[in-house]
file entry-v1.cif (mmCIF, C-alpha atoms)
data_query
loop_
_atom_site.group_PDB
_atom_site.id
_atom_site.type_symbol
_atom_site.label_atom_id
_atom_site.label_comp_id
_atom_site.auth_asym_id
_atom_site.auth_seq_id
_atom_site.Cartn_x
_atom_site.Cartn_y
_atom_site.Cartn_z
ATOM 1 C CA MET A 1 -39.839 -12.288 3.957
ATOM 2 C CA MET A 2 -36.558 -12.305 5.889
ATOM 3 C CA TYR A 3 -34.710 -13.919 2.956
ATOM 4 C CA THR A 4 -35.744 -11.282 0.419
ATOM 5 C CA ASN A 5 -35.155 -8.496 2.946
ATOM 6 C CA ASN A 6 -31.588 -9.628 3.662
ATOM 7 C CA LEU A 7 -30.812 -10.186 -0.015
ATOM 8 C CA ALA A 8 -32.204 -6.787 -1.014
ATOM 9 C CA LYS A 9 -30.207 -5.043 1.698
ATOM 10 C CA LYS A 10 -27.004 -6.905 0.866
ATOM 11 C CA LEU A 11 -27.342 -6.348 -2.878
ATOM 12 C CA LYS A 12 -27.802 -2.602 -2.417
ATOM 13 C CA GLU A 13 -24.893 -2.474 0.023
ATOM 14 C CA ILE A 14 -22.421 -4.311 -2.214
ATOM 15 C CA ARG A 15 -23.570 -2.535 -5.364
ATOM 16 C CA THR A 16 -23.074 0.827 -3.636
ATOM 17 C CA LEU A 17 -19.650 -0.165 -2.338
ATOM 18 C CA ARG A 18 -18.677 -1.172 -5.857
ATOM 19 C CA GLY A 19 -19.972 2.136 -7.212
ATOM 20 C CA MET A 20 -22.290 0.379 -9.649
ATOM 21 C CA SER A 21 -25.647 1.659 -10.834
ATOM 22 C CA GLN A 22 -28.546 -0.752 -11.271
ATOM 23 C CA GLU A 23 -28.247 -0.301 -15.034
ATOM 24 C CA TYR A 24 -24.541 -1.123 -15.064
ATOM 25 C CA LEU A 25 -25.037 -4.178 -12.838
ATOM 26 C CA ALA A 26 -27.808 -5.411 -15.129
ATOM 27 C CA GLU A 27 -25.530 -5.072 -18.149
ATOM 28 C CA GLU A 28 -22.571 -6.801 -16.480
ATOM 29 C CA SER A 29 -24.599 -9.657 -14.978
ATOM 30 C CA ARG A 30 -26.872 -10.201 -18.001
ATOM 31 C CA VAL A 31 -29.821 -9.973 -15.620
ATOM 32 C CA SER A 32 -32.627 -7.622 -16.640
ATOM 33 C CA LEU A 33 -32.783 -4.195 -15.026
ATOM 34 C CA ARG A 34 -36.347 -4.885 -13.926
ATOM 35 C CA THR A 35 -35.210 -8.044 -12.124
ATOM 36 C CA ILE A 36 -32.481 -6.120 -10.289
ATOM 37 C CA GLN A 37 -35.016 -3.490 -9.277
ATOM 38 C CA ARG A 38 -37.536 -6.081 -8.099
ATOM 39 C CA ILE A 39 -34.906 -7.849 -5.971
ATOM 40 C CA GLU A 40 -33.833 -4.603 -4.303
ATOM 41 C CA ASN A 41 -37.474 -3.638 -3.723
ATOM 42 C CA GLU A 42 -38.124 -7.051 -2.123
ATOM 43 C CA GLU A 43 -40.682 -7.841 -4.821
ATOM 44 C CA SER A 44 -38.994 -10.956 -6.185
ATOM 45 C CA VAL A 45 -37.146 -14.069 -5.011
ATOM 46 C CA PRO A 46 -34.383 -14.677 -7.581
ATOM 47 C CA THR A 47 -33.343 -18.089 -8.825
ATOM 48 C CA GLY A 48 -29.954 -19.549 -7.939
ATOM 49 C CA GLU A 49 -28.709 -18.817 -11.458
ATOM 50 C CA THR A 50 -29.691 -15.157 -11.142
ATOM 51 C CA ILE A 51 -27.885 -14.837 -7.804
ATOM 52 C CA LYS A 52 -24.839 -16.504 -9.332
ATOM 53 C CA ARG A 53 -24.752 -14.065 -12.266
ATOM 54 C CA ILE A 54 -25.103 -11.069 -9.973
ATOM 55 C CA SER A 55 -22.370 -12.415 -7.674
ATOM 56 C CA VAL A 56 -19.979 -12.822 -10.611
ATOM 57 C CA ALA A 57 -20.694 -9.284 -11.822
ATOM 58 C CA LEU A 58 -20.082 -7.904 -8.323
ATOM 59 C CA ASP A 59 -17.025 -10.160 -7.958
ATOM 60 C CA VAL A 60 -18.138 -11.587 -4.618
ATOM 61 C CA GLU A 61 -18.943 -15.063 -3.382
ATOM 62 C CA MET A 62 -22.618 -15.996 -3.352
ATOM 63 C CA SER A 63 -22.353 -16.339 0.427
ATOM 64 C CA GLU A 64 -21.375 -12.645 0.655
ATOM 65 C CA LEU A 65 -24.391 -11.625 -1.380
ATOM 66 C CA LEU A 66 -26.639 -13.777 0.776
ATOM 67 C CA GLY A 67 -25.252 -12.165 3.915
ATOM 68 C CA ALA A 68 -22.939 -14.843 5.323
ATOM 69 C CA ASN A 69 -19.759 -12.756 5.163
ATOM 70 C CA THR A 70 -18.718 -9.150 5.628
ATOM 71 C CA ILE A 71 -18.157 -6.861 2.683
ATOM 72 C CA GLU A 72 -14.732 -5.646 1.638
ATOM 73 C CA GLU A 73 -13.981 -1.963 1.063
ATOM 74 C CA THR A 74 -13.829 -0.449 -2.403
ATOM 75 C CA SER A 75 -10.069 0.075 -2.111
ATOM 76 C CA ASP A 76 -9.549 -3.674 -2.571
ATOM 77 C CA LEU A 77 -8.562 -5.285 -5.861
ATOM 78 C CA LYS A 78 -12.107 -6.427 -6.621
ATOM 79 C CA GLY A 79 -13.605 -2.976 -6.213
ATOM 80 C CA THR A 80 -10.847 -1.304 -8.211
ATOM 81 C CA ILE A 81 -11.217 -3.761 -11.094
ATOM 82 C CA ILE A 82 -14.958 -3.141 -11.212
ATOM 83 C CA PHE A 83 -14.395 0.631 -11.094
ATOM 84 C CA LEU A 84 -11.950 0.467 -14.020
ATOM 85 C CA LYS A 85 -14.295 -1.793 -15.992
ATOM 86 C CA ARG A 86 -17.010 0.791 -15.500
ATOM 87 C CA GLN A 87 -14.682 3.518 -16.774
ATOM 88 C CA LEU A 88 -13.767 1.299 -19.724
ATOM 89 C CA SER A 89 -17.420 0.868 -20.642
ATOM 90 C CA LYS A 90 -17.817 4.649 -20.905
ATOM 91 C CA THR A 91 -15.093 5.313 -23.469
ATOM 92 C CA LYS A 92 -14.611 4.655 -27.159
ATOM 93 C CA ASP A 93 -11.178 6.273 -27.348
ATOM 94 C CA ASN A 94 -8.542 3.689 -28.331
ATOM 95 C CA ALA A 95 -5.848 5.197 -26.095
ATOM 96 C CA GLU A 96 -8.165 5.156 -23.080
ATOM 97 C CA ILE A 97 -9.313 1.618 -23.845
ATOM 98 C CA LYS A 98 -5.689 0.453 -23.971
ATOM 99 C CA THR A 99 -4.868 2.122 -20.639
ATOM 100 C CA PHE A 100 -7.901 0.729 -18.824
ATOM 101 C CA GLU A 101 -7.449 -2.776 -20.254
ATOM 102 C CA LYS A 102 -3.789 -2.826 -19.180
ATOM 103 C CA PHE A 103 -4.637 -1.604 -15.674
ATOM 104 C CA ILE A 104 -7.423 -4.188 -15.359
ATOM 105 C CA SER A 105 -5.128 -6.950 -16.639
ATOM 106 C CA ILE A 106 -2.429 -6.168 -14.060
ATOM 107 C CA LEU A 107 -4.919 -6.014 -11.183
ATOM 108 C CA SER A 108 -6.618 -9.241 -12.306
ATOM 109 C CA ASN A 109 -3.248 -11.018 -12.446
ATOM 110 C CA LEU A 110 -2.453 -9.786 -8.935
ATOM 111 C CA LYS A 111 -5.858 -10.970 -7.718
ATOM 112 C CA GLU A 112 -5.195 -14.471 -9.085
ATOM 113 C CA LYS A 113 -1.621 -14.643 -7.803
ATOM 114 C CA GLU A 114 -2.619 -15.559 -4.214
ATOM 115 C CA LEU A 115 -0.213 -13.068 -2.687
ATOM 116 C CA PRO A 116 0.681 -13.074 1.024
ATOM 117 C CA GLN A 117 -1.632 -10.849 3.061
ATOM 118 C CA GLU A 118 1.227 -8.449 3.820
ATOM 119 C CA GLN A 119 1.829 -7.797 0.112
ATOM 120 C CA LEU A 120 -1.891 -7.589 -0.600
ATOM 121 C CA THR A 121 -2.273 -4.961 2.123
ATOM 122 C CA LYS A 122 0.571 -2.915 0.624
ATOM 123 C CA ILE A 123 -1.010 -3.095 -2.832
ATOM 124 C CA GLU A 124 -4.437 -2.035 -1.598
ATOM 125 C CA SER A 125 -2.898 0.799 0.444
ATOM 126 C CA TYR A 126 -1.118 2.030 -2.674
ATOM 127 C CA ILE A 127 -4.325 1.794 -4.706
ATOM 128 C CA THR A 128 -5.992 3.986 -2.081
ATOM 129 C CA TYR A 129 -3.068 6.413 -2.346
ATOM 130 C CA LEU A 130 -3.523 6.651 -6.141
ATOM 131 C CA GLU A 131 -7.102 7.933 -5.656
ATOM 132 C CA LEU A 132 -8.252 6.605 -9.025
ATOM 133 C CA GLU A 133 -11.880 7.414 -8.309
ATOM 134 C CA LYS A 134 -11.035 11.141 -8.147
ATOM 135 C CA ILE A 135 -9.620 11.267 -11.676
ATOM 136 C CA PRO A 136 -11.971 12.842 -14.258
ATOM 137 C CA SER A 137 -13.178 10.042 -16.533
ATOM 138 C CA PHE A 138 -12.065 11.954 -19.627
ATOM 139 C CA ASN A 139 -8.468 12.474 -18.445
ATOM 140 C CA ASN A 140 -6.626 9.500 -19.935
ATOM 141 C CA GLU A 141 -3.195 11.067 -19.375
ATOM 142 C CA ILE A 142 -3.611 11.026 -15.588
ATOM 143 C CA PHE A 143 -4.724 7.389 -15.675
ATOM 144 C CA LYS A 144 -1.613 6.566 -17.722
ATOM 145 C CA GLN A 145 0.563 8.330 -15.144
ATOM 146 C CA LYS A 146 -1.104 6.398 -12.323
ATOM 147 C CA LEU A 147 -0.597 3.126 -14.211
ATOM 148 C CA THR A 148 3.108 3.909 -14.649
ATOM 149 C CA LYS A 149 3.428 4.712 -10.936
ATOM 150 C CA PHE A 150 1.645 1.498 -9.993
ATOM 151 C CA LYS A 151 3.922 -0.636 -12.199
ATOM 152 C CA ARG A 152 6.966 1.095 -10.699
ATOM 153 C CA PHE A 153 5.613 0.372 -7.211
ATOM 154 C CA LEU A 154 5.184 -3.334 -8.008
ATOM 155 C CA LYS A 155 8.745 -3.557 -9.312
ATOM 156 C CA LYS A 156 10.532 -1.508 -6.653
ATOM 157 C CA LYS A 157 8.533 -2.122 -3.491
ATOM 158 C CA LEU A 158 7.251 -5.668 -4.063
ATOM 159 C CA LYS A 159 10.268 -6.774 -6.133
ATOM 160 C CA LEU A 160 8.060 -8.240 -8.869
ATOM 161 C CA VAL A 161 9.841 -8.833 -12.177
ATOM 162 C CA PRO A 162 8.266 -8.998 -15.671
ATOM 163 C CA ASN A 163 7.986 -12.556 -17.009
ATOM 164 C CA ASN A 164 11.202 -13.703 -18.761
ATOM 165 C CA TYR A 165 12.716 -10.251 -18.278
ATOM 166 C CA TYR A 166 16.374 -11.317 -18.105
ATOM 167 C CA THR A 167 16.001 -13.923 -20.852
ATOM 168 C CA THR A 168 14.498 -11.344 -23.196
ATOM 169 C CA TYR A 169 17.200 -8.806 -22.362
ATOM 170 C CA ALA A 170 19.998 -11.364 -22.801
ATOM 171 C CA ILE A 171 18.651 -12.564 -26.158
ATOM 172 C CA SER A 172 18.234 -9.010 -27.410
ATOM 173 C CA PHE A 173 21.761 -7.980 -26.454
ATOM 174 C CA ALA A 174 23.707 -11.199 -27.072
ATOM 175 C CA ALA A 175 22.034 -12.151 -30.348
ATOM 176 C CA SER A 176 22.366 -8.710 -31.925
ATOM 177 C CA PHE A 177 26.022 -8.448 -30.863
ATOM 178 C CA ALA A 178 26.912 -11.968 -32.032
ATOM 179 C CA ILE A 179 25.176 -11.586 -35.399
ATOM 180 C CA ALA A 180 26.804 -8.214 -36.045
ATOM 181 C CA PHE A 181 30.188 -9.731 -35.204
ATOM 182 C CA VAL A 182 29.812 -12.976 -37.161
ATOM 183 C CA ILE A 183 28.711 -11.400 -40.450
ATOM 184 C CA GLN A 184 31.875 -9.323 -40.666
ATOM 185 C CA ASP A 185 34.542 -10.467 -43.120
ATOM 186 C CA GLY A 186 38.128 -11.105 -42.158
ATOM 187 C CA ILE A 187 37.426 -12.492 -38.676
ATOM 188 C CA PRO A 188 38.756 -16.022 -38.004
ATOM 189 C CA LEU A 189 36.132 -18.760 -37.671
ATOM 190 C CA THR A 190 37.424 -19.745 -34.224
ATOM 191 C CA THR A 191 36.924 -16.188 -32.999
ATOM 192 C CA LYS A 192 33.387 -16.139 -34.363
ATOM 193 C CA LEU A 193 32.626 -19.426 -32.594
ATOM 194 C CA ILE A 194 33.952 -18.025 -29.323
ATOM 195 C CA VAL A 195 31.683 -14.985 -29.655
ATOM 196 C CA VAL A 196 28.663 -17.174 -30.438
ATOM 197 C CA SER A 197 29.469 -19.402 -27.447
ATOM 198 C CA ALA A 198 29.733 -16.358 -25.192
ATOM 199 C CA ALA A 199 26.361 -15.134 -26.451
ATOM 200 C CA LEU A 200 24.770 -18.511 -25.679
ATOM 201 C CA VAL A 201 26.282 -18.465 -22.187
ATOM 202 C CA LEU A 202 24.828 -14.998 -21.582
ATOM 203 C CA ILE A 203 21.395 -16.174 -22.726
ATOM 204 C CA GLY A 204 21.719 -19.200 -20.445
ATOM 205 C CA ILE A 205 22.448 -16.909 -17.505
ATOM 206 C CA GLY A 206 19.324 -14.905 -18.324
ATOM 207 C CA VAL A 207 17.219 -18.070 -18.407
ATOM 208 C CA SER A 208 18.729 -19.202 -15.095
ATOM 209 C CA ILE A 209 17.954 -15.895 -13.380
ATOM 210 C CA ASP A 210 14.364 -15.927 -14.655
ATOM 211 C CA SER A 211 13.924 -19.512 -13.437
ATOM 212 C CA LYS A 212 15.097 -18.481 -9.973
ATOM 213 C CA ILE A 213 12.684 -15.545 -9.961
ATOM 214 C CA LYS A 214 9.808 -17.856 -10.922
ATOM 215 C CA ARG A 215 10.684 -20.233 -8.073
ATOM 216 C CA GLN A 216 10.565 -17.258 -5.722
ATOM 217 C CA GLU A 217 7.122 -16.433 -7.176
ATOM 218 C CA ARG A 218 8.284 -12.932 -8.122
ATOM 219 C CA ALA A 219 7.641 -13.288 -11.864
ATOM 220 C CA PHE A 220 4.668 -11.265 -13.024
ATOM 221 C CA GLY A 221 2.884 -10.340 -16.239
ATOM 222 C CA PHE A 222 3.108 -6.594 -16.749
#

call {"tool": "encode", "arguments": {"input": "entry-v1.cif", "output": "structure tokens"}}
result
Amino acid sequence: MMYTNNLAKKLKEIRTLRGMSQEYLAEESRVSLRTIQRIENEESVPTGETIKRISVALDVEMSELLGANTIEETSDLKGTIIFLKRQLSKTKDNAEIKTFEKFISILSNLKEKELPQEQLTKIESYITYLELEKIPSFNNEIFKQKLTKFKRFLKKKLKLVPNNYYTTYAISFAASFAIAFVIQDGIPLTTKLIVVSAALVLIGIGVSIDSKIKRQERAFGF
């Protein structure tokens, strides 16, 4: 049938673009391997629920899987997230798990941020530049270096700022200074109050700057 032929072709195409094996797709979608194989061999017409599960695992709309839309390249955020999830599934090393989870978290946050197309294009171009798919799966140190470069790119080129960055910095500096000053003996109470007031003002400035950054939609969870 035309329906099963189109679905089989599209499923193979997207799965290949995502770099996913049938076994990995079955595991991620919670659809049996045999069902995946039967769909791709045009031997089965899947239920709507099965198509939905496969679409979620591939991170595409159901309409894309059914052939209504074109497929995006693997350098996009979706493809990179799936690639990193696949790498994550292969390791049991705690350091590697931490690196992959952090990378996936940052990319997922970017994907949900609804960035302007210009910024999205810059991000995807930089992801292509990083060439993550060429890194040996066992080399966690290189992945860590790439993650550091990517975070630096987001901060310097896209001007994204960690959530509550200035507030955290102001509290850390002002509070530690004020406490160290106040606990000293021999300092007049009025002087101590002035120092505490100055510390509160500094914290207020940090909060104000972070609020402005949030309004500009430049705050980001690193």

call {"tool": "closest_residue", "arguments": {"input": "entry-v1.cif", "among": "A:Ser108, A:Gln37, A:Phe153, A:Leu17", "to": "Gly79 of chain A", "atoms": "only C-alpha atoms"}}
result
A:Leu17

call {"tool": "resolve_selection", "arguments": {"input": "entry-v1.cif", "expression": "the PyMOL selection byres ((chain A and resi 175) around 12)", "output": "NGL selection string"}}
result
:A and (167-174 or 176-182 or 195-203)

call {"tool": "axis_aligned_box", "arguments": {"input": "entry-v1.cif", "around": "segment 74-92 of chain A", "padding_each_side": "8 Å", "output": "AutoDock Vina command-line options"}}
result
--center_x -13.2 --center_y -0.6 --center_z -14.6 --size_x 25.3 --size_y 27.7 --size_z 41.0

call {"tool": "residues_near_point", "arguments": {"input": "entry-v1.cif", "point": "(-29.3, -0.3, -10.5)", "cutoff": "10 Å", "atoms": "all atoms listed in the file", "output": "tab-separated table (two decimals) with C-alpha atoms, in the coordinates of the input"}}
result
chain	number	residue	atom	x	y	z
A	11	LEU	CA	-27.34	-6.35	-2.88
A	12	LYS	CA	-27.80	-2.60	-2.42
A	15	ARG	CA	-23.57	-2.54	-5.36
A	16	THR	CA	-23.07	0.83	-3.64
A	20	MET	CA	-22.29	0.38	-9.65
A	21	SER	CA	-25.65	1.66	-10.83
A	22	GLN	CA	-28.55	-0.75	-11.27
A	23	GLU	CA	-28.25	-0.30	-15.03
A	24	TYR	CA	-24.54	-1.12	-15.06
A	25	LEU	CA	-25.04	-4.18	-12.84
A	26	ALA	CA	-27.81	-5.41	-15.13
A	27	GLU	CA	-25.53	-5.07	-18.15
A	33	LEU	CA	-32.78	-4.20	-15.03
A	34	ARG	CA	-36.35	-4.88	-13.93
A	35	THR	CA	-35.21	-8.04	-12.12
A	36	ILE	CA	-32.48	-6.12	-10.29
A	37	GLN	CA	-35.02	-3.49	-9.28
A	40	GLU	CA	-33.83	-4.60	-4.30

call {"tool": "residues_around", "arguments": {"input": "entry-v1.cif", "residues": "Met62 of chain A", "least_positions_apart": "5", "cutoff": "8 Å", "atoms": "only C-alpha atoms", "output": "PDB file with C-alpha atoms, in the coordinates of the input"}}
result
ATOM      1  CA  ILE A  51     -27.885 -14.837  -7.804  1.00  0.00           C
ATOM      2  CA  LYS A  52     -24.839 -16.504  -9.332  1.00  0.00           C
ATOM      3  CA  SER A  55     -22.370 -12.415  -7.674  1.00  0.00           C
TER       4      SER A  55
END
